[in-house]
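Colleague: entry26.txt is reproduced in full below (compact mmCIF, C-alpha atoms).
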```txt
# COMPACT_ATOMS: atom_id res chain seq x y z
CA MET K 575 67.31 169.14 127.49
CA ALA K 576 69.64 166.39 128.74
CA ASP K 577 69.56 164.63 125.35
CA PHE K 578 71.28 167.55 123.61
CA GLN K 579 74.73 166.05 124.13
CA LYS K 580 73.80 162.64 122.71
CA GLN K 581 72.87 163.64 119.18
CA THR K 582 75.36 163.64 116.30
CA VAL K 583 75.38 165.40 112.96
CA GLN K 584 75.32 163.10 109.91
CA TRP K 585 74.69 164.28 106.35
CA PHE K 586 75.74 162.88 103.00
CA PRO K 587 73.21 163.31 100.19
CA GLY K 588 73.58 160.96 97.23
CA HIS K 589 74.63 163.71 94.81
CA MET K 590 77.83 164.23 96.83
CA ALA K 591 79.31 160.91 95.67
CA LYS K 592 78.57 161.86 92.07
CA THR K 593 80.30 165.20 92.61
CA ARG K 594 83.49 163.48 93.75
CA ARG K 595 83.54 161.50 90.51
CA LEU K 596 82.91 164.64 88.45
CA ILE K 597 85.76 166.49 90.15
CA THR K 598 88.14 163.59 89.57
CA GLU K 599 87.12 163.21 85.91
CA SER K 600 87.28 166.94 85.18
CA LEU K 601 90.66 167.51 86.77
CA LYS K 602 92.49 166.68 83.52
CA ASN K 603 90.72 169.63 81.86
CA VAL K 604 91.92 172.30 84.33
CA ASP K 605 95.24 173.91 85.19
CA GLY K 606 94.60 174.32 88.90
CA ALA K 607 92.00 174.58 91.63
CA VAL K 608 90.50 177.30 93.77
CA GLU K 609 89.31 175.96 97.11
CA ILE K 610 86.94 178.13 99.12
CA VAL K 611 86.83 177.54 102.86
CA ASP K 612 85.03 179.30 105.68
CA ALA K 613 87.58 181.52 107.47
CA ARG K 614 85.89 180.71 110.79
CA ILE K 615 86.51 176.97 110.35
CA PRO K 616 89.20 176.46 107.67
CA TYR K 617 90.03 172.92 108.80
CA SER K 618 86.45 171.72 109.22
CA SER K 619 85.27 173.33 105.98
CA SER K 620 88.07 171.84 103.86
CA ASN K 621 87.30 168.49 102.29
CA PRO K 622 90.12 166.10 103.28
CA GLU K 623 89.59 164.15 100.06
CA LEU K 624 90.72 167.09 97.93
CA ASP K 625 94.41 166.47 98.60
CA ALA K 626 94.13 163.02 97.06
CA ILE K 627 91.89 164.22 94.21
CA ILE K 628 93.76 167.40 93.22
CA LYS K 629 97.23 165.91 93.84
CA ASN K 630 99.94 168.11 92.33
CA LYS K 631 97.70 170.68 90.66
CA PRO K 632 98.30 174.24 91.98
CA ARG K 633 95.76 175.21 94.62
CA ILE K 634 94.68 178.67 95.75
CA VAL K 635 92.78 178.71 99.04
CA LEU K 636 90.31 181.54 99.65
CA LEU K 637 89.43 182.08 103.30
CA ASN K 638 85.95 183.44 102.72
CA LYS K 639 83.85 185.36 105.25
CA CYS K 640 87.05 186.81 106.71
CA ASP K 641 84.99 189.83 107.74
CA ILE K 642 83.34 187.78 110.51
CA ALA K 643 86.42 185.76 111.47
CA GLN K 644 89.17 186.96 113.81
CA LYS K 645 91.85 188.70 111.76
CA GLU K 646 94.79 187.41 113.80
CA ALA K 647 93.48 183.85 113.45
CA THR K 648 93.06 184.26 109.69
CA ASN K 649 96.67 185.44 109.42
CA ILE K 650 97.82 182.31 111.25
CA TRP K 651 95.90 180.17 108.77
CA ILE K 652 97.42 182.00 105.78
CA GLU K 653 100.91 181.30 107.09
CA TYR K 654 99.93 177.68 107.63
CA TYR K 655 98.81 177.27 104.01
CA LYS K 656 101.98 178.95 102.77
CA SER K 657 104.02 176.45 104.77
CA LYS K 658 102.19 173.70 102.87
CA GLY K 659 103.10 175.21 99.51
CA MET K 660 99.65 176.67 98.80
CA TYR K 661 98.57 180.21 98.03
CA ALA K 662 96.00 181.66 100.43
CA LEU K 663 93.98 184.88 100.51
CA PRO K 664 91.54 186.34 103.07
CA VAL K 665 88.40 187.41 101.22
CA ASP K 666 84.74 188.27 101.59
CA CYS K 667 83.05 187.15 98.40
CA ARG K 668 79.79 188.98 99.00
CA THR K 669 81.41 192.42 99.26
CA GLY K 670 84.44 191.67 97.09
CA LYS K 671 86.91 192.41 99.87
CA GLY K 672 90.33 190.94 99.10
CA LEU K 673 89.41 189.67 95.64
CA SER K 674 91.57 192.26 93.86
CA ALA K 675 94.54 190.07 94.81
CA PHE K 676 93.08 186.98 93.17
CA ILE K 677 94.13 187.58 89.54
CA PRO K 678 97.79 188.41 90.30
CA THR K 679 97.97 185.52 92.78
CA THR K 680 96.54 183.14 90.18
CA LYS K 681 99.03 184.22 87.53
CA GLN K 682 101.85 183.78 90.05
CA ALA K 683 100.62 180.33 91.08
CA LEU K 684 100.20 179.23 87.45
CA SER K 685 103.22 181.02 85.98
CA PHE K 686 104.66 177.72 84.78
CA VAL K 687 101.43 177.00 82.86
CA ILE K 688 101.58 180.46 81.24
CA ASP K 689 105.22 179.86 80.24
CA LYS K 690 104.40 176.40 78.88
CA ASN K 691 101.60 177.85 76.73
CA LYS K 692 103.92 180.54 75.39
CA ASN K 693 106.54 177.96 74.45
CA LYS K 694 103.86 176.04 72.55
CA GLY K 695 102.82 179.16 70.64
CA MET K 696 99.59 179.49 72.64
CA ALA K 697 100.27 182.73 74.49
CA GLY K 698 97.05 184.11 75.94
CA LYS K 699 95.40 180.72 76.25
CA PRO K 700 92.88 180.99 79.11
CA LEU K 701 93.85 179.53 82.46
CA LYS K 702 91.23 177.00 83.51
CA LEU K 703 90.50 176.71 87.22
CA MET K 704 88.17 174.36 89.02
CA VAL K 705 86.29 176.05 91.89
CA VAL K 706 85.72 173.61 94.72
CA GLY K 707 84.41 173.75 98.25
CA ILE K 708 81.84 172.28 100.58
CA PRO K 709 78.27 173.65 100.51
CA ASN K 710 77.59 177.23 101.55
CA THR K 711 81.21 178.41 101.66
CA GLY K 712 80.57 181.03 98.97
CA LYS K 713 81.52 179.50 95.61
CA SER K 714 78.69 181.11 93.66
CA SER K 715 79.23 184.49 95.30
CA PHE K 716 82.92 184.29 94.35
CA ILE K 717 82.18 183.41 90.72
CA ASN K 718 79.54 186.14 90.43
CA ARG K 719 81.93 188.74 91.84
CA MET K 720 84.74 187.74 89.51
CA ALA K 721 82.43 187.51 86.49
CA GLY K 722 80.95 190.93 87.20
CA ASN K 723 77.36 189.76 86.96
CA VAL K 724 75.10 187.07 88.36
CA LYS K 725 75.79 183.96 86.33
CA ALA K 726 75.75 181.32 89.05
CA LYS K 727 72.94 180.61 91.45
CA VAL K 728 73.41 182.05 94.94
CA ALA K 729 71.53 181.22 98.14
CA ASP K 730 72.05 181.26 101.88
CA LYS K 731 71.21 177.59 102.17
CA ALA K 732 73.55 174.67 101.62
CA GLY K 733 73.68 172.68 98.41
CA VAL K 734 72.30 175.09 95.77
CA THR K 735 74.76 174.34 92.94
CA ARG K 736 73.97 170.91 91.52
CA THR K 737 75.72 170.68 88.13
CA GLN K 738 79.06 171.66 86.63
CA GLN K 739 79.16 174.98 84.82
CA TRP K 740 81.91 176.89 82.97
CA PHE K 741 82.27 180.67 83.38
CA ASP K 742 84.52 183.09 81.52
CA VAL K 743 85.46 185.63 84.20
CA GLY K 744 87.81 187.69 82.02
CA ASN K 745 91.51 188.43 82.47
CA GLY K 746 92.28 185.20 80.64
CA ILE K 747 90.69 183.01 83.28
CA GLU K 748 87.84 180.50 83.10
CA PHE K 749 86.16 178.81 86.05
CA LEU K 750 84.63 175.37 86.28
CA ASP K 751 82.04 175.45 89.06
CA THR K 752 81.17 172.24 90.87
CA PRO K 753 78.46 171.32 93.36
CA GLY K 754 79.51 171.58 96.99
CA VAL K 755 80.83 168.26 98.22
CA LEU K 756 81.16 166.80 101.71
CA TRP K 757 82.80 163.55 102.73
CA PRO K 758 80.65 160.45 103.47
CA LYS K 759 80.63 160.80 107.25
CA PHE K 760 81.98 163.03 109.97
CA ASP K 761 84.44 160.87 111.90
CA ASP K 762 85.13 163.85 114.14
CA THR K 763 81.90 164.99 115.81
CA GLU K 764 83.40 168.45 116.42
CA VAL K 765 83.82 168.88 112.66
CA GLY K 766 80.17 167.99 112.13
CA ASP K 767 79.14 170.47 114.80
CA LYS K 768 81.20 173.31 113.31
CA LEU K 769 79.82 172.68 109.84
CA ALA K 770 76.31 172.81 111.28
CA PHE K 771 77.09 175.96 113.30
CA THR K 772 78.09 177.82 110.14
CA GLY K 773 75.26 176.50 107.95
CA ALA K 774 77.21 174.07 105.75
CA VAL K 775 74.86 171.33 106.94
CA LYS K 776 71.20 171.96 106.24
CA ASP K 777 69.21 173.00 109.29
CA GLU K 778 66.43 170.68 108.15
CA VAL K 779 68.52 167.62 109.05
CA THR K 780 69.72 168.86 112.43
CA ASP K 781 67.90 169.69 115.65
CA ILE K 782 68.19 173.47 115.89
CA GLU K 783 67.84 173.50 119.69
CA THR K 784 70.57 170.88 120.10
CA LEU K 785 72.75 172.79 117.68
CA SER K 786 72.36 176.16 119.39
CA CYS K 787 73.05 174.63 122.81
CA ARG K 788 76.28 173.11 121.55
CA LEU K 789 77.26 176.39 119.92
CA LEU K 790 76.60 178.29 123.13
CA GLU K 791 78.72 175.84 125.11
CA VAL K 792 81.61 176.21 122.66
CA LEU K 793 81.40 180.00 122.80
CA ALA K 794 81.05 180.01 126.59
CA ARG K 795 84.39 178.18 126.76
CA THR K 796 86.26 180.06 124.05
CA LYS K 797 84.68 183.51 123.76
CA PRO K 798 82.11 184.09 126.53
CA GLU K 799 82.22 187.85 126.01
CA ALA K 800 80.55 187.35 122.61
CA ILE K 801 77.46 185.89 124.28
CA GLU K 802 77.51 188.27 127.23
CA THR K 803 77.81 191.38 125.08
CA ARG K 804 75.21 190.39 122.50
CA TYR K 805 72.58 189.13 124.95
CA LYS K 806 73.47 191.30 127.97
CA LEU K 807 74.24 188.35 130.23
CA SER K 808 76.97 187.63 132.77
CA GLY K 809 78.49 184.65 134.58
CA ILE K 810 77.76 182.08 131.86
CA ASN K 811 81.06 180.16 132.04
CA ASP K 812 79.78 177.30 134.19
CA LEU K 813 76.34 177.02 132.61
CA GLN K 814 75.14 174.31 130.24
CA GLY K 815 74.02 175.25 126.77
CA TRP K 816 70.33 174.90 127.47
CA GLU K 817 70.67 177.10 130.56
CA ILE K 818 72.28 179.86 128.48
CA LEU K 819 69.60 179.42 125.81
CA GLU K 820 66.94 179.77 128.49
CA LEU K 821 68.50 183.03 129.71
CA ILE K 822 68.60 184.35 126.15
CA GLY K 823 64.94 183.40 125.65
CA LYS K 824 64.00 185.29 128.82
CA LYS K 825 66.10 188.31 127.90
CA ARG K 826 64.56 188.53 124.43
CA GLY K 827 61.04 187.83 125.67
CA PHE K 828 60.64 184.67 123.61
CA LEU K 829 57.65 183.19 125.45
CA ILE K 830 54.88 180.80 124.52
CA LYS K 831 51.51 180.06 126.10
CA GLY K 832 51.80 179.73 129.87
CA GLY K 833 54.87 181.94 130.05
CA GLU K 834 57.30 179.15 129.13
CA ILE K 835 60.44 179.87 127.12
CA ASP K 836 60.17 179.38 123.36
CA PHE K 837 63.43 177.44 123.04
CA GLU K 838 63.07 176.92 119.29
CA ARG K 839 62.74 180.62 118.58
CA ALA K 840 65.69 181.38 120.84
CA ALA K 841 67.73 178.67 119.12
CA VAL K 842 67.00 179.96 115.63
CA THR K 843 67.95 183.46 116.75
CA VAL K 844 71.29 182.32 118.21
CA CYS K 845 72.26 180.38 115.08
CA ASP K 846 71.18 183.15 112.70
CA GLU K 847 73.01 185.82 114.68
CA PHE K 848 76.19 183.77 114.90
CA ARG K 849 76.16 183.09 111.16
CA GLY K 850 75.47 186.73 110.42
CA GLY K 851 78.42 187.92 112.50
CA LYS K 852 76.24 189.68 115.06
CA LEU K 853 78.10 188.00 117.91
CA GLY K 854 81.31 189.58 116.67
CA ASN K 855 84.31 188.22 114.76
CA ILE K 856 84.77 184.60 115.80
CA THR K 857 87.13 181.87 114.60
CA LEU K 858 86.42 178.43 116.00
CA GLU K 859 89.70 176.66 115.20
CA LEU K 860 93.40 177.18 114.52
CA PRO K 861 95.91 174.99 112.63
```
Represent the supplied structure as structure tokens.
Modeller:
Amino acid sequence: MADFQKQTVQWFPGHMAKTRRLITESLKNVDGAVEIVDARIPYSSSNPELDAIIKNKPRIVLLNKCDIAQKEATNIWIEYYKSKGMYALPVDCRTGKGLSAFIPTTKQALSFVIDKNKNKGMAGKPLKLMVVGIPNTGKSSFINRMAGNVKAKVADKAGVTRTQQWFDVGNGIEFLDTPGVLWPKFDDTEVGDKLAFTGAVKDEVTDIETLSCRLLEVLARTKPEAIETRYKLSGINDLQGWEILELIGKKRGFLIKGGEIDFERAAVTVCDEFRGGKLGNITLELP
């Protein structure tokens, strides 16, 4: 278990570089961008390259999965984005929560484009928006919700959308969907960890036991009651991740031959339950 702290998360499939080029090339064909971030990790789930790529195009930030983030933390993030001149909305793309505000917000953000089209005699010309975001933040769920039917592929695993697709979502708006894109390397190991915690990095390229131990250590420092309530434990503050994982394995009866703890099963359970919001509403970072 001692090696858990030594491993780092690295992931940059080849198609990601191609996606960056596609986004850059397609930008001239859109009026603005919709960036979807994970409300639990808005900083870590936002691609730092987008500022340079999108430049002065209007950007609307959707803080997705707000239903499993801490509301007060989400409000702080919304004010932060406003201070940067961006529009931001708390949403849950799977249930549609908060998405009723998207159309009016878009028309407000792109009012100058609407006026320009009117002046050119093209009133009613569709607003074209590029939908961007790293893998597994909810792009396809957002497009499907707005389109009213399942037109884009959706999955719980990272990296499902591979090619660009246009969608007419009504209300005079068209979306350009793009594959999820990450940056070439995680210079900040905490960013890599948070992306892995939330499922943006494929579990197949991480060690699930290492990951769950790190997650447990983060939660033990920042929100120990989440662990204690869910797994009926106490006094975990000074424990290492693997010690907490061992207690969870015992509590849940995850045993293998010889009565030893099945650490892998316990680790999978911890990660799945965190991602599913079963440990409560948790935000892992603030501006």
Colleague: Point out the residue among K:Ile634, K:Val665, K:Leu785, K:Ile652 with the least atom-to-atom distance to Thr680 (chain K), counting only C-alpha atoms.
Modeller: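 The answer is K:Ile634, which sits nearest to Thr680 (chain K).
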Colleague: Calculated over all atoms listed in the file, which of the candidates K:Lys671, K:Lys656, K:Arg795, K:Lys702 has the smallest distance to Ser600 (chain K)?
Modeller: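 Residue with the minimum atom-to-atom distance to Ser600 (chain K): K:Lys702.
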Colleague: Could you give me, as a list in words, the residues within 12 Å of Val687 (chain K), counting all atoms listed in the file and dropping anything in the same chain fewer than 4 positions from it?
Modeller: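 That gives Val604, Asp605, Gly606, Lys631, Pro632, Thr680, Lys681, Gln682, Ala683, Asn691, Lys692, Asn693, Lys694, Met696, Ala697, Gly698, Lys699, Pro700, Leu701, Lys702 and Leu703 of chain K.
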Colleague: When you draw a straight line from CA of Ile708 (chain K) to CA of Ser620 (chain K), how long is it in Å?
Modeller: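 According to the coordinates, CA of Ile708 (chain K) and CA of Ser620 (chain K) are separated by 7.1 Å.
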Colleague: Identify which of the residues K:Asn621, K:Ser657, K:Ile747, K:Leu637 lies closest to Pro678 (chain K), counting all atoms listed in the file when measuring atom-to-atom distances.
Modeller: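 Of all the options, K:Ile747 lies closest to Pro678 (chain K).
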Colleague: Measure the distance from CA of Leu790 (chain K) to CA of Gly815 (chain K) in Å and round it to one decimal.
Modeller: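 Value for the CA of Leu790 (chain K)-CA of Gly815 (chain K) distance: 5.4 Å.
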Colleague: Just how far from CA of Ile610 (chain K) is CA of Tyr655 (chain K), in Å to one decimal?
Modeller: 12.9 Å
Colleague: When distances are computed from only C-alpha atoms, which of K:Arg719, K:Asn649, K:Trp816, K:Gly707 shows the smallest separation from Gly670 (chain K)?
Modeller: K:Arg719
Colleague: I'd like to know which of K:Leu596, K:Met660, K:Ile717, K:Leu858 is closest to Val765 (chain K), using only C-alpha atoms.
Modeller: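 For Val765 (chain K), the nearest of the candidates is K:Leu858.
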Colleague: I need the residue nearest Leu673 (chain K) from this list: K:Lys639, K:Arg633, K:Lys776, K:Arg849. Use all atoms listed in the file for the distance.
Modeller: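 Among K:Lys639, K:Arg633, K:Lys776, K:Arg849, it is K:Lys639 that comes nearest to Leu673 (chain K).
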Colleague: Mind listing whatever residues come within 9 Å of the point (62.5, 183.4, 120.2)? Use all atoms listed in the file, file coordinates, and give them as a VMD selection string.
Modeller: chain K and resid 822 to 824 826 to 829 835 to 843
Colleague: Box for region 626-638 of chain K: with edges along x, y and z, all listed atoms inside and 4 Å added on each side, what are the centre and edge lengths in Å to one decimal, as lines of an AutoDock Vina configuration file?
Modeller:
```
center_x = 92.9
center_y = 173.2
center_z = 97.0
size_x = 22.0
size_y = 28.4
size_z = 20.6
```
Colleague: What's around Gly809 (chain K) at 10 Å? Count all atoms listed in the file, leave out sequence neighbours fewer than 4 positions away in its own chain, and write the answer as a ChimeraX atom specification.
Modeller: /K:794,798-799,802,813,818
Colleague: With C-alpha atoms retained, could you export that selection as a PDB file, keeping the file's coordinate frame?
Modeller:
```pdb
ATOM      1  CA  ALA K 794      81.050 180.010 126.590  1.00  0.00           C
ATOM      2  CA  PRO K 798      82.110 184.090 126.530  1.00  0.00           C
ATOM      3  CA  GLU K 799      82.220 187.850 126.010  1.00  0.00           C
ATOM      4  CA  GLU K 802      77.510 188.270 127.230  1.00  0.00           C
ATOM      5  CA  LEU K 813      76.340 177.020 132.610  1.00  0.00           C
ATOM      6  CA  ILE K 818      72.280 179.860 128.480  1.00  0.00           C
TER       7      ILE K 818
END
```
